[in-house]
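Below is one structure, written out as structure tokens; comments come after it.
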Amino acid sequence: MSRAKGHVREALAHDSAVKHVRGTAVYADDIVEPEGALEAYVAMSREAHGRIRRLDVSAVAADPAAAVVLTARDVPGVNDVGPVLPGDPIFADGLVEYAGQSLFAVAARSVAEARRAASKAIVEYETLPAILTIEQALAAKSFLLPTEKLRRGDPDRALAMAPHRLGGRLEIGGQDHFYLEGQVAFAIPGEDGDMLIYSSTQHPSEVQHLAARALGRRDAAITVEVRRMGGGFGGKETQAALFAVIAALAADRTKRPVKLRLDRDDDMIMTGKRHDFVIRYEVGFDADGRILGLKLELAGRCGMSPDLSGPVNDRALFHADNAYFLSDVEVVSHRLKTNTVSNTAFRGFGGPQGMMAIEHVIDEIARHLGRDAYEIRRTNLYGTTTRNVTPYGQTIDDNILPELLDDLAKSADYAGRRRQVEAFNAKSPVLKRGLALTPVKFGISFTNTMLNQAGALVHVYTDGSVHLNHGGTEMGQGLFVKVAQVVASEFGIDLDRVKITATNTGKVPNTSATAASSGSDLNGMAAQTAARAIKKRMAAVAAAALGVAPEALVFADNKIAAGGHALEFGEVAKKAWMARISLSATGYYRGRSSISPMARRRPRCWSTR
Amino acid sequence: MTDRIRFLLGTEPREIADADPTMTVLEYLRRIERRRGTKEGCAEGDCGACTVVVGECTGGGLRYRAVNSCIQLLPTLDGRQLLTVEDLADPETGALHPVQQAMVEAHGSQCGFCTPGFVMALYAAHQNAAASARTLREAADRIAESADTPSPSNVIGLAYAMDQIPIAAAPDRDAVSDMIAGNLCRCTGYRPIVDAGVKALAGAQPTERDTVLFAAAAKHLATRRTTLKLAAAGKRYFAPVREHVLADILETHPDATIVAGATDVGLWVTKQHRELAKIVYIGDVEELKAVQEHGNGWWIGAAATYTDALPAFADLHRDFAELVRRLGAAQVRNCGTIGGNIANASPIGDTPPALIALGATLHLRRGKETRHMPLEDFFLGYRKTALQPGEFVTGVAVPKPRGDQRFAAYKISKRFDQDISAVCSAYRITLSGGIVGEARIAHGGMAETPKRAPAAEAALNGHPWDETTMRRAMEALAHDYRPIDDMRASAAYLLPQCR
């Protein structure tokens with residue numbers, strides 16, 4: 001039996017692979033601009049912390065090239081793009097809190113002209129003392145958000161009783177996302193104050209809501225569309241909003257399309273990065289390297305505003321156990337305010353920083369005992385029936401790590417390789433080799449359960465082709481083709497009959513960011529739900545036509561068949577239309593969080609404060 | 001005199017009279033031609049997302065090279081063929097080029113933004129790999145049979161010129177990695193892209209489409225014999241083809257900015273937003289492009305690119321060739337020049353430490369007057385040189401290390417490939433009977449200019465070539481250099497590294 005092509009579990013090329021290699025895949029900056037389109041430039045603060053004594057943009061406005069100049073005073077709605085909590089002004093209003101903060105924007109025919117005009121502004125500051133580093137912030141008790149604490153057992157007593165004890169400090173640096181496509185947005189004004197924004201964002205709904213708030217409009221007036229991003233990595237979860245909103249403000253004022261694309265340098269200066277951490281630890285352990293007591297202090301540099309720093313630091317806290325059972329433990333998480341760019345989501349969302357802490361502790365234990373670090377890791381792994389509850393009270397289900405690691409160590413010949421490494425190192429005085437086998441436990445889904453929801457929209461046309469839309473965004477991870485495979489499988493049709501379309505807030509509303517390793521699961525299920533709704537209606541039509549029970553029908557090979565009789569999928573679609581049956585459906589899915597209900601409450605519930 | 005830029009975009013001739021001479025090729029493609037397959041990733045020649053391939057006539061032949069369009073100035077395309085990612089697939093059938101097909105099959109793209117750049121970097125390599133004399137002669141025959149008979153000399157020249165950069169018939173993973181060292185990808189981790197490169201380049205043959213592109217180049221490209229002069233957007237641009245004309249222009253316009261590979265000047269435009277009112281492009285000056293072997297040394301013309309001069313570096317010493325391979329990836333080596341590297345007077349320089357250690361002599365010209373000096377004497381201070389107004393570098397003469405001389409060069413950089421040195425060390429030790437006759441030691445990144453180490457040299461000269469002497473010389477380095485902390489490395493790191 002021949003099968004329809006491109007179903008789930010087939011390894012397919014990216015849906016845009018051919019367009020990628022031909023240069024025909026359209027990114028936001030590639031959209032052909034309508035006549036009269038403008039380009040915007042954002043002028044930045046040179047001071048890390050200061051009061052703006054004077055911001056005179058009259059010479060900028062007088063520049064013949066400048067179509068519009070926007071400052072804090074020109075924001076009709078709310079001058080803030082803070083995603084959860086406020087604190088991210090669109091344009092600085094009296095106070096600057098990091099070097100690179102947006103001061104004002106200019107739109108002109110070209111960004112070069114806009115930049116030239118912007119250079120005519122007069123800006124005077126009263127410089128204020130700036131806190132830049134984690135240690136400075138700790139010393140000054142500069143906390144952006146309340147410190148959180150996770151505690152189980154009696155770590156102080158466990159440390160005091162432990163046969164071995166170590167303590168130390170570890171620094172984990174920040175990191176720029178370096179999405180190859182920098183931040184970009186293109187806003188096109190419509191009638192009645194409507195605005196269409198093409199934004200390179202992982203979170204179109206949030207851009208929509210923030211743009212509406214800044215413009216003082218209803219959400220329904222704003223439509224955000226994202227066909228694809230040239231990389232996101234968390235850097236476009238919240239950071240795209242500022243530029244999309246500025247483009248929209250300029251477009252609204254000029255009634256002309258406005259593009260805002262950051263030069264790489266400006267992008268690196270203006271946008272948030274991975275949270276850097278300073279970690280202090282005290283660990284007590286026995287002669288086998290089993291951890292008996294642990295105290296960790298995680299100090300994360302959040303920058304000047306909350307942005308996503310709360311949940312990022314929460315996740316660092318929840319991942320500080322990584323894959324290891326900690327009976328008596330205390331993890332303290334400081335969220336520090338500094339006069340630096342506001343740090344943000346970045347692949348792992350704090351998880352890697354938390355895991356790095358415990359992995360470093362394990363390496364130190366191994367060095368202290370003169371043992372292979374893998375043995376220490378193996379010794380401390382979560383158990384399957386005992387030693388299987390996380391510090392935040394979640395029982396670890398389906399723990400396959402002990403067998404998995406044993407298998408890997410065997411198939412990779414870990415012991416043999418270890419001997420080779422030691423033999424090499426014994427002979428090589430300068431160049432050394434290393435070897436590690438490290439497990440990872442990572443919490444899939446948003447820690448905030450509310451966000452684990454997704455919507456999809458599916459239409460079937462009378463020729464049997466399918467239009468698919470959902471709330472997930474494509475940034476290279478292949479989400480679009482995966483969800484399309486789900487729909488093709490559901491309908492039993494070839495993948496090329498399923499039209500993949502750009503994420504659009506007008507089609508699927510109120511979506512969550514494409515983040516938290518949840519895009520495929522949430523959106524795939526939503527699309528499946530929508531496809532099944534239509535399938536059920538089509539089955540009724542096909543069953544009537546074939547004279548069989550709907551339950552007997554099989555959707556496969558581009559046909560709907562039962563008892564040796566079959567109808568083409570498109571034929572049934574046409575019959576449904578003629579019978580006045582809707583061939584369009586939305587689908588919705590609410591997932592659960594993989595992190596336990598206890599953890600999903602604010603971790604402060606364990607706080608001793 | 002010529003007053004407009006003429007080049008081929010794919011197969012189509014272009015003639016441009018009024019463009020701003022500092023417009024980059026990338027800007028031209030995206031804004032004027034609306035060919036938006038070529039992407040801007042960094043606008044400083046570092047990420048390769050904007051990679052295009054430029055075909056040019058060289059000595060009667062034609063060769064294709066990958067360059068970063070973001071820092072190449074539009075007028076430097078004059079007389080050349082520009083190929084972009086849109087040119088590769090067959091426009092009639094839509095058939096992908098083998099390089100494109102391999103990228104699709106190997107899952108070489110994810111977000112896709114860097115992909116056109118990788119495709120073009122691999123395409124340049126493919127053109128060279130595919131261009132065995134046999135396949136190209138066949139292509140040339142087909143072209144010659146077609147109705148638009150191109151100038152036969154170009155076609156035949158092309159057949160031979162393609163052999164200039166020898167590429168293994170089936171490059172291995174290391175070779176492919178070097179081809180794409182100038183392209184960044186944040187999604188794939190590179191493995192699938194290297195897979196694609198290995199697959200596409202094994203036994204590469206020109207496609208039908210390639211021969212169409214060759215034919216267009218053979219038909220339209222001709223070496224310009226007069227100076228290109230442009231005046232637009234309040235700027236002037238001169239591109240002479242003879243050295244004496246260049247000398248005249250610079251005497252008349254001593255305030256002009258000399259541009260060769262634009263791997264640095266391009267950034268003055270894209271990053272510093274400087275307005276360059278007068279530009280003199282030396283990349284078309286035949287005499288300055290020479291790379292010649294003279295018995296016991298090499299002459300490297302000021303406008304010879306790193307790629308052109310690679311055989312000379314390799315012959316001088318393998319460490320030198322490795323140094324050059326690592327200072328920039330293919331796109332940078334294909335544009336950057338030795339003259340630019342010297343005249344730019346970067347404190348690091350990358351090639352000057354090695355050239356100084358080798359005892360290179362720098363040749364300069366102003367008007368009809370020429371002079372020469374030891375290279376180390378050329379550097380007077382931070383970004384300050386002995387160059388007089390209107391004077392220019394014509395080339396550098398580099399003696400080969402003799403049998404009694406040992407040469408070594410080392411480089412420490414933050415990234416292994418495509419990065420300027422944090423510190424670069426070069427040594428030439430002349431030995432006679434186990435005694436150091438003459439030591440020449442030079443460093444980049446240790447002072448405000450590339451600089452010799454007289455104290456360390458003195459500690460070596462006349463002493464036995466042994467560990468004790470070497471340790472003394474290492475100590476003496478502290479008298480030679482007082483490095484500073486900068487973004488590339490700290491002083492505390494530099495001196496021990498240097499030792």
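Following the order of the structure tokens, chains are lettered A, B, ..., residues in each are numbered from 1, and ligands are numbered from 1.
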
Backbone-only DSSP, helix (DSSP H, G or I) members of region 232-409 of chain A, as number ranges by chain: A: 240-254, 264-270, 309-318, 351-369, 373-380, 401-409

Members of region 322-524 of chain A assigned strand (DSSP E or B) by DSSP, as a ChimeraX atom specification: /A:324,329-337,381,389,395,453-460,466-470,498-500,503-504

Now that the selection is made, can you save its residues with C-alpha atoms as a JSON list (two decimals), in the first residue's frame?
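Okay, result-v4.json is ready:
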[["chain", "number", "residue", "atom", "x", "y", "z"],
["A", 324, "TYR", "CA", 21.42, 14.65, 41.74],
["A", 329, "VAL", "CA", 20.21, 21.59, 50.86],
["A", 330, "GLU", "CA", 19.78, 25.31, 50.76],
["A", 331, "VAL", "CA", 19.85, 27.33, 47.53],
["A", 332, "VAL", "CA", 19.65, 31.09, 47.79],
["A", 333, "SER", "CA", 18.94, 33.09, 44.65],
["A", 334, "HIS", "CA", 19.75, 36.81, 44.50],
["A", 335, "ARG", "CA", 18.37, 38.83, 41.60],
["A", 336, "LEU", "CA", 20.65, 41.81, 41.31],
["A", 337, "LYS", "CA", 19.95, 45.19, 39.85],
["A", 381, "LEU", "CA", 22.15, 10.46, 40.78],
["A", 389, "VAL", "CA", 12.31, 13.67, 45.38],
["A", 395, "THR", "CA", 8.93, 13.05, 42.71],
["A", 453, "GLN", "CA", -1.51, 26.72, 26.13],
["A", 454, "ALA", "CA", -1.61, 26.99, 22.37],
["A", 455, "GLY", "CA", -4.07, 27.59, 19.55],
["A", 456, "ALA", "CA", -4.26, 26.59, 15.91],
["A", 457, "LEU", "CA", -6.41, 27.37, 12.91],
["A", 458, "VAL", "CA", -6.96, 24.88, 10.09],
["A", 459, "HIS", "CA", -8.93, 25.34, 6.86],
["A", 460, "VAL", "CA", -9.57, 22.71, 4.24],
["A", 466, "VAL", "CA", -5.06, 22.68, 3.72],
["A", 467, "HIS", "CA", -4.18, 26.01, 5.29],
["A", 468, "LEU", "CA", -2.40, 25.65, 8.61],
["A", 469, "ASN", "CA", -1.76, 28.33, 11.18],
["A", 470, "HIS", "CA", -0.80, 28.19, 14.84],
["A", 498, "VAL", "CA", -0.58, 21.44, 3.79],
["A", 499, "LYS", "CA", 0.21, 25.12, 3.36],
["A", 500, "ILE", "CA", 2.43, 26.44, 6.11],
["A", 503, "THR", "CA", 2.30, 33.24, 12.56],
["A", 504, "ASN", "CA", -0.27, 36.02, 12.75]]

Report as a Markdown table the residues of chain B within 7 Å of chain A, each with its shortest atom pair and distance in Å (one decimal), using only C-alpha atoms, ordered by chain and increasing residue number.
| residue | atom | partner | partner_atom | distance |
| --- | --- | --- | --- | --- |
| B:Arg36 | CA | A:Asp30 | CA | 5.8 |
| B:Gly37 | CA | A:Gly23 | CA | 3.8 |
| B:Thr38 | CA | A:Gly23 | CA | 6.8 |
| B:Gly41 | CA | A:Leu180 | CA | 5.3 |
| B:Cys42 | CA | A:Arg264 | CA | 5.3 |
| B:Val85 | CA | A:Gly23 | CA | 5.9 |
| B:Glu86 | CA | A:Arg22 | CA | 5.8 |
| B:Gln100 | CA | A:Val21 | CA | 5.4 |
| B:Val104 | CA | A:Ala17 | CA | 5.6 |
| B:Glu105 | CA | A:Ala13 | CA | 6.8 |
| B:His107 | CA | A:Ala13 | CA | 6.0 |
| B:Ser109 | CA | A:Ala17 | CA | 6.2 |
| B:Gln110 | CA | A:Gly476 | CA | 4.1 |
| B:Cys111 | CA | A:Gly476 | CA | 3.3 |
| B:Gly112 | CA | A:His20 | CA | 5.0 |
| B:Phe113 | CA | A:Gly230 | CA | 4.9 |
| B:Cys114 | CA | A:Leu180 | CA | 6.5 |
| B:Thr115 | CA | A:Val21 | CA | 6.0 |
| B:Pro116 | CA | A:Val21 | CA | 5.7 |
| B:Val119 | CA | A:Val21 | CA | 6.6 |
| B:Arg186 | CA | A:Tyr179 | CA | 6.7 |

Save the residues we just selected, C-alpha atoms, as a short mmCIF file (atom, residue, chain, number, x, y, z; two decimals), in the first residue's frame?
data_model
loop_
_atom_site.label_atom_id
_atom_site.label_comp_id
_atom_site.auth_asym_id
_atom_site.auth_seq_id
_atom_site.Cartn_x
_atom_site.Cartn_y
_atom_site.Cartn_z
CA ARG B 36 17.79 40.19 -0.89
CA GLY B 37 19.08 36.66 -0.70
CA THR B 38 22.40 38.12 0.44
CA GLY B 41 24.81 39.70 9.66
CA CYS B 42 27.55 41.90 11.10
CA VAL B 85 22.96 33.16 -4.21
CA GLU B 86 20.18 33.93 -6.70
CA GLN B 100 22.58 23.93 -2.69
CA VAL B 104 19.23 20.69 1.67
CA GLU B 105 19.96 16.97 1.87
CA HIS B 107 20.04 19.45 6.80
CA SER B 109 20.09 25.01 7.18
CA GLN B 110 17.93 25.72 10.19
CA CYS B 111 16.98 29.36 10.59
CA GLY B 112 18.46 29.87 7.13
CA PHE B 113 19.86 33.35 7.62
CA CYS B 114 23.51 32.35 7.34
CA THR B 115 22.74 29.80 4.62
CA PRO B 116 23.20 31.97 1.50
CA VAL B 119 26.27 28.35 -0.06
CA ARG B 186 24.39 29.68 15.44
#

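Of note, CA of Phe243 (chain A) and CA of Val60 (chain A) are spaced 19.8 Å apart.
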
All residues 10 Å or closer to Ala549 (chain A), only C-alpha atoms, same chain fewer than 4 positions away omitted, as a ChimeraX atom specification: /A:539-540,542-544,553,562

Surrounding residues of Asp80 (chain A) excluding itself and chain neighbours under 4 positions, 6 Å, only C-alpha atoms, as a PyMOL selection string: chain A and resi 88-90
